[in-house]
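**Student:** Structure below; questions to follow.
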Amino acid sequence: MKDSEFIRDNKVPMTKEEVRAVSLSYMDIHNKKNFLDIGAGSGSCFLEALVTNKNITATAIESNEDAVNLIKQNIENFDNIYGNIKNRSTLIHAMSPIELDEKFDAIFIGGTRGNMEDIIKHCLSICDKNAIIVINLITLENFSHLLQILAESKEIKNYSVSQLSVNKMDSLGRYSYLKPLNPIFIIKIEV
């Protein structure tokens, strides 16, 4: 899905389309049943999962009020365009981790607000059999912290790390150049 399909707000971060494509592909989203998006931002991963897989249900958790309002607008917009979005989605305005009464086979972590270790532990407790957790990180400090968590975990046996750099063509006067976006670490954890 193109970034332009989403209602945007410069104050609310959005996972860019190339990063969403890789992250959702790592989750094998076409074959999943219950998706959780933690630190949902604009809701782009959450909504693309719902549009891509017509049989999936999805829950988004976001603590920022501006982001929650933006997700609500995007849910409404995507429901009008694609249909069957509202009744398969749940939006929770809260700081993660929070108690959830269901299991998930696909979990995307886009933001942790400094609470990564507790969020990962909680995710492991709500994972369904053969679940996949995908984490996107941009800072070296968070990446280093995650590697430490993974090394010390007894529950996590298999994970992989990729770093994705995306450049987009832009104009510079009468010339064109490739403008770099922030590189991002994409971590796939198989439970």
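Identifiers in this document derive from the order of the structure tokens: chains are assigned A, B, ..., residues are numbered from 1 separately in each chain, and ligands are numbered from 1 in order of occurrence.
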Report as number ranges by chain all protein, DNA and RNA residues lying within 12 Å of range 72-85 of chain A, evaluated on only C-alpha atoms, omitting residues in the same chain fewer than 6 positions from it.

**Tutor:** A: 1, 3-9, 40-60, 62, 65-66, 91-93

**Student:** Residues of chain A in alpha helix (DSSP H) according to DSSP, as number ranges by chain?

**Tutor:** A: 17-26, 44-52, 65-82, 116-125, 140-152

**Student:** Might you pull out every residue within 12 Å of Lys154 in chain A, with only C-alpha atoms counted and same-chain residues fewer than 3 positions away left off, and present them as a list of chain:residue names?

**Tutor:**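 The filter keeps A:Lys121, A:Leu124, A:Ile149, A:Leu150, A:Ala151, A:Lys157, A:Asn158, A:Val191.
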
**Student:** Of the candidates A:Asn64, A:Asp105, A:Tyr177, A:Glu155, which shows the shortest atom-to-atom distance to Lys11 in chain A, using only C-alpha atoms?

**Tutor:** A:Asn64

**Student:** Restricting the calculation to only C-alpha atoms, which member of A:Ile126, A:Leu70, A:Met116, A:Met95 is positioned closest to Phe35 in chain A?

**Tutor:** A:Ile126

**Student:** For Pro97 in chain A, which of A:Gly173, A:Gly39, A:Ile138, A:Leu147 is the closest residue, counting only C-alpha atoms?

**Tutor:**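 Using only C-alpha atoms, Pro97 in chain A sits closest to A:Gly39.
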
**Student:** Residues within 9 Å of Lys188 in chain A, please, as an MDAnalysis selection string. Count only C-alpha atoms; anything in the same chain fewer than 2 positions from it doesn't count.

**Tutor:** chainID A and resid 23 26:27 132:135 158:162 186 190

**Student:** Can you tell me, as a ChimeraX atom specification, which residues in range 43-184 of chain A count as strand (DSSP E) by DSSP?

**Tutor:** /A:57-62,89-93,104-109,127-137,158-164,167-172,175-180,184

**Student:** Give me the residues near Met169 in chain A as a compact mmCIF listing (two decimals) with C-alpha atoms, in the first residue's frame, where near means some atom within 9 Å (using only C-alpha atoms) and where sequence neighbours in that chain fewer than 6 positions away do not count.

**Tutor:**
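This is the output file result.txt:
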# COMPACT_ATOMS: atom_id res chain seq x y z
CA SER A 176 17.07 14.28 -9.63
CA TYR A 177 18.73 12.54 -6.73
CA LEU A 178 18.05 9.74 -4.28
CA LYS A 179 17.05 11.18 -0.91
CA PRO A 180 17.78 8.71 1.92

**Student:** Of the residues A:Ile38, A:Leu172, A:Leu140, A:Ser153, which is the one nearest to Asn115 in chain A, using only C-alpha atoms?

**Tutor:** A:Ile38

**Student:** For CA of Leu181 in chain A and CA of Arg113 in chain A, quote the distance in Å rounded to one decimal.

**Tutor:**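 So the answer is 21.7 Å.
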
**Student:** Which residue out of A:Ser144, A:Thr90, A:Thr15, A:Asn136 has the minimum interatomic distance to Thr112 in chain A when only C-alpha atoms are used?

**Tutor:** A:Asn136

**Student:** Calculate how many Å separate CA of Glu141 in chain A from CA of Ile119 in chain A, rounding to one decimal.

**Tutor:**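 For CA of Glu141 in chain A relative to CA of Ile119 in chain A, the distance reads 16.6 Å.
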
**Student:** Between CA of Phe185 in chain A and CA of Leu164 in chain A, what is the distance in Å, rounded to a tenth?

**Tutor:**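 These two atoms are separated by 6.4 Å.
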